[in-house]
Amino acid sequence: MGPVLLVAALFAAIVAGRFATYHGNPTGFVLFGHAFTAYIHPPPGALVNSPDGYDGQFFYLQAKDPLLLNDATVASFRASTEAFRMDRVGYPALAWLLAAGQVAALPWSMLAVNVVVVLGLTAGFAVYARRRGWSGWWALAAGLLAGFLTATLRDLSDPLAVASMLTGLILWQRGRRWWAAALLTAAVLAREPMTLAVAAVALEAVVRGWRVRREPGAARRTASEAWPVVIVPAAAFVAWQVYVDARYGSNVASTSSSSYQAPFVGLIDEVRRTFSLGSRRDILWDLAYLGLISAGIAASFALVREKVTVPAVAAVAFGLSLLVVTFGDSWSYTRLSAPMFAALLLGGLWQRNRAALLICAAAAVMTAIAPFAPWLAAA
């Protein structure tokens, strides 16, 4: 319980401080923006404190109608030019279930889902680590991902996506292939980049099958073990995409501007933005975290070179995506890097790679000093 209590204490302190800022109003975490109130229809008494708000308001919109059964919901996404967000049904659906379909309870359930997911992941990872003969305190490196804190304060889907992905990979390693398939399905329906973890399972299975190709029936056995973990999430992801496109009337992906650019441009732009902040403390925190991201990418490649495992391949895939993604704002890199750090932690423990584990531990320490971080002050 030690790791759980420490993560709970940090989240409680920061979330309580934010509640004080919002005068006890949970709609403050949704971050509604004036530009979208006509489409999203915030609940009575909702806080609308910024011009544009943030992504949580679109999760709130879908949480009122997760399956997009109401034409008005689709029309609101179309009018807001944010239709591509309908792809991420996992988080709003879970918030709707927790709220028992009551719209008034959604601001509370959206916050509660993320807090419960983070604490559940911390507890589960501590138990898993101890059963593997590792220290349960490694769960802090899972629960104290800075991206989890950022997403919790803004009612985003990252904790659910990354926790489902990491748990799915653990269950795959333990031979629970159907449970792994279910968790990875939840992950890809929470955020599209989690499909990289599914691709990692497929690639590792191909490599393993190739190595034992000369053994009678080995390739077929490998394929039979891996197919549910690959096909089920992929099929669910494609099916939901087709359904959303049918409800929307065209391809929703085409409504989004590209979030990718030339390699390293995003990192360079983020460094420039960091130096424009002006505060030495802010610059040091940002540069330290960006340095850990870069070190994490390098450590991911080292893991794969040492041995091709699912978490190592996933860490490389997530790391490479960070080189071409547009960060967009001064704190989004904490969320976008969370999948890589999670996969790197698991791969480092499996392969007993000290460098990978030290990087993950350092990232957790960075989150522990998050009250002094610039992205938290700006959130």
# chains A, B, ... in the order shown; residues from 1 in each chain; ligands from 1

$ residues_around --residues "segment 3-19 of chain A" --least-positions-apart "6" --cutoff "9 Å" --atoms "only C-alpha atoms" --output "list in words"
Asn25, Pro26, Gly28, Phe29, Val115, Val118, Leu119, Gly120, Thr122, Ala123, Ala126, Gly136, Trp137, Trp138, Ala139, Leu140, Gly143, Leu144, Leu149, Thr152, Leu153, Ala368 and Pro371 of chain A

$ residues_around --residues "Gly296 of chain A" --least-positions-apart "4" --cutoff "10 Å" --atoms "only C-alpha atoms" --output "list in words"
Leu290, Gly291, Leu292, Ser300, Phe301, Ala302, Ala315, Val316, Gly319, Ser337, Met340, Phe341, Leu344, Leu345, Ala355, Ala356, Leu357, Leu358, Ile359, Cys360 and Ala363 of chain A

$ write_last_selection --atoms "all heavy atoms" --output "short mmCIF file (atom, residue, chain, number, x, y, z; two decimals), in the first residue's frame"
data_model
loop_
_atom_site.label_atom_id
_atom_site.label_comp_id
_atom_site.auth_asym_id
_atom_site.auth_seq_id
_atom_site.Cartn_x
_atom_site.Cartn_y
_atom_site.Cartn_z
N LEU A 290 12.43 17.06 -20.93
CA LEU A 290 12.70 16.79 -22.34
C LEU A 290 13.97 15.94 -22.49
O LEU A 290 14.05 15.09 -23.38
CB LEU A 290 12.85 18.11 -23.10
CG LEU A 290 11.56 18.92 -23.27
CD1 LEU A 290 11.87 20.29 -23.86
CD2 LEU A 290 10.56 18.18 -24.16
N GLY A 291 14.93 16.16 -21.60
CA GLY A 291 16.13 15.34 -21.62
C GLY A 291 15.82 13.89 -21.27
O GLY A 291 16.38 12.96 -21.87
N LEU A 292 14.91 13.69 -20.31
CA LEU A 292 14.51 12.33 -19.96
C LEU A 292 13.77 11.65 -21.11
O LEU A 292 13.93 10.45 -21.33
CB LEU A 292 13.62 12.35 -18.71
CG LEU A 292 14.32 12.59 -17.37
CD1 LEU A 292 13.29 12.67 -16.25
CD2 LEU A 292 15.32 11.48 -17.09
N SER A 300 15.09 2.84 -25.12
CA SER A 300 14.16 1.93 -25.78
C SER A 300 14.87 1.15 -26.88
O SER A 300 14.70 -0.07 -27.01
CB SER A 300 12.97 2.69 -26.35
OG SER A 300 12.27 3.38 -25.33
N PHE A 301 15.67 1.85 -27.68
CA PHE A 301 16.42 1.18 -28.73
C PHE A 301 17.43 0.18 -28.13
O PHE A 301 17.66 -0.90 -28.68
CB PHE A 301 17.15 2.20 -29.61
CG PHE A 301 16.28 2.78 -30.68
CD1 PHE A 301 15.66 4.01 -30.50
CD2 PHE A 301 16.06 2.12 -31.87
CE1 PHE A 301 14.85 4.56 -31.47
CE2 PHE A 301 15.26 2.64 -32.86
CZ PHE A 301 14.64 3.87 -32.66
N ALA A 302 18.02 0.56 -27.00
CA ALA A 302 18.97 -0.35 -26.35
C ALA A 302 18.28 -1.61 -25.87
O ALA A 302 18.85 -2.71 -25.96
CB ALA A 302 19.64 0.37 -25.17
N ALA A 315 7.94 0.54 -26.61
CA ALA A 315 8.65 1.75 -26.19
C ALA A 315 9.34 2.42 -27.36
O ALA A 315 9.32 3.67 -27.48
CB ALA A 315 9.67 1.40 -25.10
N VAL A 316 9.94 1.65 -28.26
CA VAL A 316 10.57 2.22 -29.45
C VAL A 316 9.53 2.90 -30.33
O VAL A 316 9.73 4.01 -30.82
CB VAL A 316 11.32 1.13 -30.25
CG1 VAL A 316 11.69 1.63 -31.64
CG2 VAL A 316 12.57 0.70 -29.51
N GLY A 319 8.38 6.02 -28.69
CA GLY A 319 9.48 6.98 -28.71
C GLY A 319 9.65 7.62 -30.08
O GLY A 319 9.85 8.83 -30.19
N SER A 337 4.38 11.55 -23.86
CA SER A 337 5.49 10.65 -23.55
C SER A 337 5.12 9.57 -22.55
O SER A 337 5.90 8.63 -22.34
CB SER A 337 6.68 11.45 -23.01
OG SER A 337 6.33 12.11 -21.80
N MET A 340 5.42 5.85 -23.69
CA MET A 340 6.80 5.39 -23.84
C MET A 340 7.41 5.06 -22.48
O MET A 340 8.03 4.00 -22.30
CB MET A 340 7.66 6.46 -24.53
CG MET A 340 9.11 6.02 -24.73
SD MET A 340 10.25 7.37 -25.06
CE MET A 340 10.30 8.20 -23.45
N PHE A 341 7.23 5.94 -21.49
CA PHE A 341 7.79 5.68 -20.17
C PHE A 341 7.18 4.43 -19.54
O PHE A 341 7.88 3.66 -18.88
CB PHE A 341 7.58 6.88 -19.26
CG PHE A 341 8.54 8.01 -19.50
CD1 PHE A 341 8.09 9.28 -19.83
CD2 PHE A 341 9.91 7.82 -19.41
CE1 PHE A 341 8.97 10.33 -20.06
CE2 PHE A 341 10.81 8.85 -19.63
CZ PHE A 341 10.33 10.11 -19.96
N LEU A 344 8.67 1.47 -21.31
CA LEU A 344 10.08 1.40 -20.96
C LEU A 344 10.26 0.82 -19.56
O LEU A 344 11.19 0.02 -19.32
CB LEU A 344 10.70 2.79 -21.04
CG LEU A 344 12.21 2.89 -20.78
CD1 LEU A 344 12.99 2.16 -21.86
CD2 LEU A 344 12.64 4.37 -20.72
N LEU A 345 9.39 1.20 -18.63
CA LEU A 345 9.46 0.66 -17.28
C LEU A 345 9.27 -0.85 -17.29
O LEU A 345 10.05 -1.60 -16.67
CB LEU A 345 8.39 1.32 -16.40
CG LEU A 345 8.20 0.72 -15.00
CD1 LEU A 345 9.46 0.90 -14.17
CD2 LEU A 345 6.99 1.33 -14.31
N ALA A 355 19.74 1.18 -16.93
CA ALA A 355 19.59 2.51 -17.51
C ALA A 355 18.12 2.86 -17.72
O ALA A 355 17.68 3.97 -17.39
CB ALA A 355 20.35 2.59 -18.85
N ALA A 356 17.35 1.92 -18.27
CA ALA A 356 15.93 2.16 -18.50
C ALA A 356 15.20 2.44 -17.19
O ALA A 356 14.36 3.33 -17.10
CB ALA A 356 15.31 0.97 -19.22
N LEU A 357 15.53 1.67 -16.16
CA LEU A 357 14.86 1.84 -14.87
C LEU A 357 15.23 3.16 -14.21
O LEU A 357 14.38 3.81 -13.58
CB LEU A 357 15.21 0.66 -13.96
CG LEU A 357 14.68 -0.70 -14.43
CD1 LEU A 357 15.15 -1.81 -13.50
CD2 LEU A 357 13.16 -0.68 -14.49
N LEU A 358 16.48 3.57 -14.33
CA LEU A 358 16.89 4.85 -13.76
C LEU A 358 16.16 6.02 -14.43
O LEU A 358 15.77 6.99 -13.77
CB LEU A 358 18.41 5.03 -13.89
CG LEU A 358 19.27 4.20 -12.94
CD1 LEU A 358 20.75 4.39 -13.26
CD2 LEU A 358 18.99 4.59 -11.48
N ILE A 359 15.97 5.92 -15.74
CA ILE A 359 15.24 6.98 -16.47
C ILE A 359 13.80 7.05 -15.99
O ILE A 359 13.26 8.13 -15.75
CB ILE A 359 15.31 6.71 -17.98
CG1 ILE A 359 16.74 6.90 -18.48
CG2 ILE A 359 14.35 7.62 -18.75
CD1 ILE A 359 16.97 6.39 -19.89
N CYS A 360 13.16 5.90 -15.83
CA CYS A 360 11.77 5.87 -15.37
C CYS A 360 11.66 6.39 -13.93
O CYS A 360 10.71 7.10 -13.59
CB CYS A 360 11.21 4.46 -15.46
SG CYS A 360 11.04 3.85 -17.16
N ALA A 363 11.89 10.12 -14.01
CA ALA A 363 10.63 10.73 -14.46
C ALA A 363 9.62 10.79 -13.33
O ALA A 363 8.87 11.77 -13.20
CB ALA A 363 10.06 9.93 -15.65
#

$ atom_distance --atom1 "atom CA of Asp87 of chain A" --atom2 "atom CA of Thr326 of chain A"
19.2 Å

$ closest_atom_pairs --of "segment 117-189 of chain A" --to "segment 217-236 of chain A" --cutoff "8 Å" --atoms "only C-alpha atoms" --output "tab-separated table"
residue	atom	partner	partner_atom	distance
A:Trp172	CA	A:Val229	CA	7.7
A:Arg177	CA	A:Val229	CA	6.0
A:Trp178	CA	A:Pro228	CA	6.5
A:Ala180	CA	A:Val229	CA	6.2
A:Ala181	CA	A:Val229	CA	4.3
A:Ala182	CA	A:Pro233	CA	7.3
A:Leu184	CA	A:Pro233	CA	6.0
A:Thr185	CA	A:Pro233	CA	4.2
A:Ala186	CA	A:Pro233	CA	7.9
A:Val188	CA	A:Pro233	CA	6.9
A:Leu189	CA	A:Ala236	CA	7.9

$ atom_distance --atom1 "atom CA of Phe237 of chain A" --atom2 "atom CA of Ala93 of chain A"
14.9 Å

$ atom_distance --atom1 "atom CA of Gly45 of chain A" --atom2 "atom CA of His23 of chain A"
11.8 Å

$ select_by_dssp --residues "segment 16-200 of chain A" --states "alpha helix (DSSP H)" --output "JSON, numbers by chain"
{"A": [16, 17, 18, 19, 20, 21, 37, 38, 39, 40, 56, 57, 58, 59, 60, 61, 62, 63, 71, 72, 73, 74, 75, 76, 77, 78, 79, 80, 90, 91, 92, 93, 94, 95, 96, 97, 98, 106, 107, 108, 109, 110, 111, 112, 113, 114, 115, 116, 117, 118, 119, 120, 121, 122, 123, 124, 125, 126, 127, 128, 129, 130, 131, 139, 140, 141, 142, 143, 146, 147, 148, 149, 150, 151, 152, 158, 159, 160, 161, 162, 163, 164, 165, 166, 167, 168, 169, 170, 171, 172, 173, 177, 178, 179, 180, 181, 182, 183, 184, 185, 186, 187, 188, 189, 190, 195, 196, 197, 198, 199, 200]}

$ closest_residue --among "A:Lys64, A:Phe148, A:Gly124, A:Phe77" --to "Leu98 of chain A" --atoms "only C-alpha atoms"
A:Lys64

$ closest_residue --among "A:Arg208, A:Ala199, A:Ala262, A:Met366" --to "Phe318 of chain A" --atoms "only C-alpha atoms"
A:Ala199

$ residues_around --residues "Ala342 of chain A" --least-positions-apart "4" --cutoff "9 Å" --atoms "only C-alpha atoms" --output "VMD selection string"
chain A and resid 141 to 142 145 162 to 163 165 to 166 311 315 337 to 338 346 to 347 360

$ closest_residue --among "A:Ala112, A:Ala295, A:Ala161, A:Met86" --to "Val242 of chain A" --atoms "only C-alpha atoms"
A:Met86

$ decode --residues "segment 55-153 of chain A" --atoms "C-alpha atoms" --output "PDB file, in the first residue's frame"
ATOM      1  CA  ASP A  55      -9.904  18.802 -24.872  1.00  0.00           C
ATOM      2  CA  GLY A  56     -11.847  17.786 -21.768  1.00  0.00           C
ATOM      3  CA  GLN A  57     -14.862  19.713 -23.016  1.00  0.00           C
ATOM      4  CA  PHE A  58     -15.142  17.405 -26.030  1.00  0.00           C
ATOM      5  CA  PHE A  59     -14.934  14.325 -23.826  1.00  0.00           C
ATOM      6  CA  TYR A  60     -17.762  15.869 -21.805  1.00  0.00           C
ATOM      7  CA  LEU A  61     -19.783  16.363 -24.977  1.00  0.00           C
ATOM      8  CA  GLN A  62     -19.431  12.695 -25.917  1.00  0.00           C
ATOM      9  CA  ALA A  63     -19.910  11.482 -22.350  1.00  0.00           C
ATOM     10  CA  LYS A  64     -23.490  12.775 -22.586  1.00  0.00           C
ATOM     11  CA  ASP A  65     -24.037  10.433 -25.547  1.00  0.00           C
ATOM     12  CA  PRO A  66     -21.125   7.950 -25.791  1.00  0.00           C
ATOM     13  CA  LEU A  67     -22.532   5.909 -28.676  1.00  0.00           C
ATOM     14  CA  LEU A  68     -23.441   9.021 -30.682  1.00  0.00           C
ATOM     15  CA  LEU A  69     -27.062   7.931 -30.926  1.00  0.00           C
ATOM     16  CA  ASN A  70     -28.336  11.510 -30.881  1.00  0.00           C
ATOM     17  CA  ASP A  71     -27.926  13.425 -34.142  1.00  0.00           C
ATOM     18  CA  ALA A  72     -27.477  16.614 -32.111  1.00  0.00           C
ATOM     19  CA  THR A  73     -24.241  15.219 -30.626  1.00  0.00           C
ATOM     20  CA  VAL A  74     -22.799  14.554 -34.060  1.00  0.00           C
ATOM     21  CA  ALA A  75     -23.950  17.977 -35.242  1.00  0.00           C
ATOM     22  CA  SER A  76     -22.188  19.604 -32.278  1.00  0.00           C
ATOM     23  CA  PHE A  77     -18.923  17.863 -33.134  1.00  0.00           C
ATOM     24  CA  ARG A  78     -19.320  18.911 -36.755  1.00  0.00           C
ATOM     25  CA  ALA A  79     -20.009  22.542 -35.866  1.00  0.00           C
ATOM     26  CA  SER A  80     -17.031  22.662 -33.501  1.00  0.00           C
ATOM     27  CA  THR A  81     -14.730  21.164 -36.197  1.00  0.00           C
ATOM     28  CA  GLU A  82     -13.532  18.626 -33.601  1.00  0.00           C
ATOM     29  CA  ALA A  83     -15.230  15.534 -35.028  1.00  0.00           C
ATOM     30  CA  PHE A  84     -12.044  13.433 -34.955  1.00  0.00           C
ATOM     31  CA  ARG A  85     -12.333  13.310 -31.160  1.00  0.00           C
ATOM     32  CA  MET A  86     -15.348  11.004 -31.501  1.00  0.00           C
ATOM     33  CA  ASP A  87     -12.845   8.203 -32.143  1.00  0.00           C
ATOM     34  CA  ARG A  88     -11.870   8.227 -28.442  1.00  0.00           C
ATOM     35  CA  VAL A  89     -14.998   6.668 -26.984  1.00  0.00           C
ATOM     36  CA  GLY A  90     -13.436   4.678 -24.127  1.00  0.00           C
ATOM     37  CA  TYR A  91     -13.080   7.449 -21.551  1.00  0.00           C
ATOM     38  CA  PRO A  92     -16.430   9.208 -22.102  1.00  0.00           C
ATOM     39  CA  ALA A  93     -18.227   5.843 -22.120  1.00  0.00           C
ATOM     40  CA  LEU A  94     -16.677   4.877 -18.795  1.00  0.00           C
ATOM     41  CA  ALA A  95     -17.523   8.301 -17.323  1.00  0.00           C
ATOM     42  CA  TRP A  96     -21.125   7.881 -18.510  1.00  0.00           C
ATOM     43  CA  LEU A  97     -21.355   4.466 -16.852  1.00  0.00           C
ATOM     44  CA  LEU A  98     -19.924   5.763 -13.574  1.00  0.00           C
ATOM     45  CA  ALA A  99     -22.376   8.666 -13.657  1.00  0.00           C
ATOM     46  CA  ALA A 100     -25.236   6.189 -14.322  1.00  0.00           C
ATOM     47  CA  GLY A 101     -26.150   8.272 -17.349  1.00  0.00           C
ATOM     48  CA  GLN A 102     -26.809  11.379 -15.233  1.00  0.00           C
ATOM     49  CA  VAL A 103     -25.474  14.436 -17.055  1.00  0.00           C
ATOM     50  CA  ALA A 104     -25.184  16.446 -13.837  1.00  0.00           C
ATOM     51  CA  ALA A 105     -22.785  13.859 -12.415  1.00  0.00           C
ATOM     52  CA  LEU A 106     -20.442  13.757 -15.436  1.00  0.00           C
ATOM     53  CA  PRO A 107     -17.949  16.399 -14.207  1.00  0.00           C
ATOM     54  CA  TRP A 108     -17.506  14.329 -11.047  1.00  0.00           C
ATOM     55  CA  SER A 109     -17.304  10.971 -12.835  1.00  0.00           C
ATOM     56  CA  MET A 110     -14.784  12.222 -15.410  1.00  0.00           C
ATOM     57  CA  LEU A 111     -12.441  13.264 -12.609  1.00  0.00           C
ATOM     58  CA  ALA A 112     -13.135  10.112 -10.600  1.00  0.00           C
ATOM     59  CA  VAL A 113     -12.371   7.781 -13.514  1.00  0.00           C
ATOM     60  CA  ASN A 114      -8.871   9.177 -13.897  1.00  0.00           C
ATOM     61  CA  VAL A 115      -8.089   9.155 -10.176  1.00  0.00           C
ATOM     62  CA  VAL A 116      -9.354   5.588  -9.755  1.00  0.00           C
ATOM     63  CA  VAL A 117      -7.471   4.402 -12.852  1.00  0.00           C
ATOM     64  CA  VAL A 118      -4.168   5.868 -11.654  1.00  0.00           C
ATOM     65  CA  LEU A 119      -4.518   4.437  -8.144  1.00  0.00           C
ATOM     66  CA  GLY A 120      -5.684   1.096  -9.535  1.00  0.00           C
ATOM     67  CA  LEU A 121      -2.689   0.910 -11.858  1.00  0.00           C
ATOM     68  CA  THR A 122      -0.330   1.744  -8.990  1.00  0.00           C
ATOM     69  CA  ALA A 123      -1.828  -0.961  -6.765  1.00  0.00           C
ATOM     70  CA  GLY A 124      -1.926  -3.559  -9.512  1.00  0.00           C
ATOM     71  CA  PHE A 125       1.623  -2.880 -10.631  1.00  0.00           C
ATOM     72  CA  ALA A 126       2.889  -3.112  -7.047  1.00  0.00           C
ATOM     73  CA  VAL A 127       1.299  -6.557  -6.667  1.00  0.00           C
ATOM     74  CA  TYR A 128       2.627  -7.678 -10.051  1.00  0.00           C
ATOM     75  CA  ALA A 129       6.143  -6.469  -9.237  1.00  0.00           C
ATOM     76  CA  ARG A 130       6.251  -8.302  -5.930  1.00  0.00           C
ATOM     77  CA  ARG A 131       5.016 -11.535  -7.515  1.00  0.00           C
ATOM     78  CA  ARG A 132       7.821 -11.244 -10.055  1.00  0.00           C
ATOM     79  CA  GLY A 133      10.368 -10.817  -7.281  1.00  0.00           C
ATOM     80  CA  TRP A 134      10.886  -7.099  -7.801  1.00  0.00           C
ATOM     81  CA  SER A 135      10.352  -4.288  -5.328  1.00  0.00           C
ATOM     82  CA  GLY A 136       6.751  -3.109  -5.148  1.00  0.00           C
ATOM     83  CA  TRP A 137       8.034   0.443  -5.025  1.00  0.00           C
ATOM     84  CA  TRP A 138       8.570   0.311  -8.798  1.00  0.00           C
ATOM     85  CA  ALA A 139       4.825   0.985  -8.932  1.00  0.00           C
ATOM     86  CA  LEU A 140       5.671   4.607  -8.174  1.00  0.00           C
ATOM     87  CA  ALA A 141       7.312   4.860 -11.592  1.00  0.00           C
ATOM     88  CA  ALA A 142       3.993   3.759 -13.104  1.00  0.00           C
ATOM     89  CA  GLY A 143       1.624   5.822 -10.972  1.00  0.00           C
ATOM     90  CA  LEU A 144       3.748   8.968 -10.943  1.00  0.00           C
ATOM     91  CA  LEU A 145       3.870   9.565 -14.673  1.00  0.00           C
ATOM     92  CA  ALA A 146       3.616  13.312 -15.160  1.00  0.00           C
ATOM     93  CA  GLY A 147       1.221  12.774 -18.037  1.00  0.00           C
ATOM     94  CA  PHE A 148      -1.263  11.145 -15.661  1.00  0.00           C
ATOM     95  CA  LEU A 149      -1.319  14.227 -13.468  1.00  0.00           C
ATOM     96  CA  THR A 150      -1.680  16.575 -16.428  1.00  0.00           C
ATOM     97  CA  ALA A 151      -4.539  14.530 -17.865  1.00  0.00           C
ATOM     98  CA  THR A 152      -6.328  14.225 -14.524  1.00  0.00           C
ATOM     99  CA  LEU A 153      -6.328  17.985 -14.073  1.00  0.00           C
TER     100      LEU A 153
END
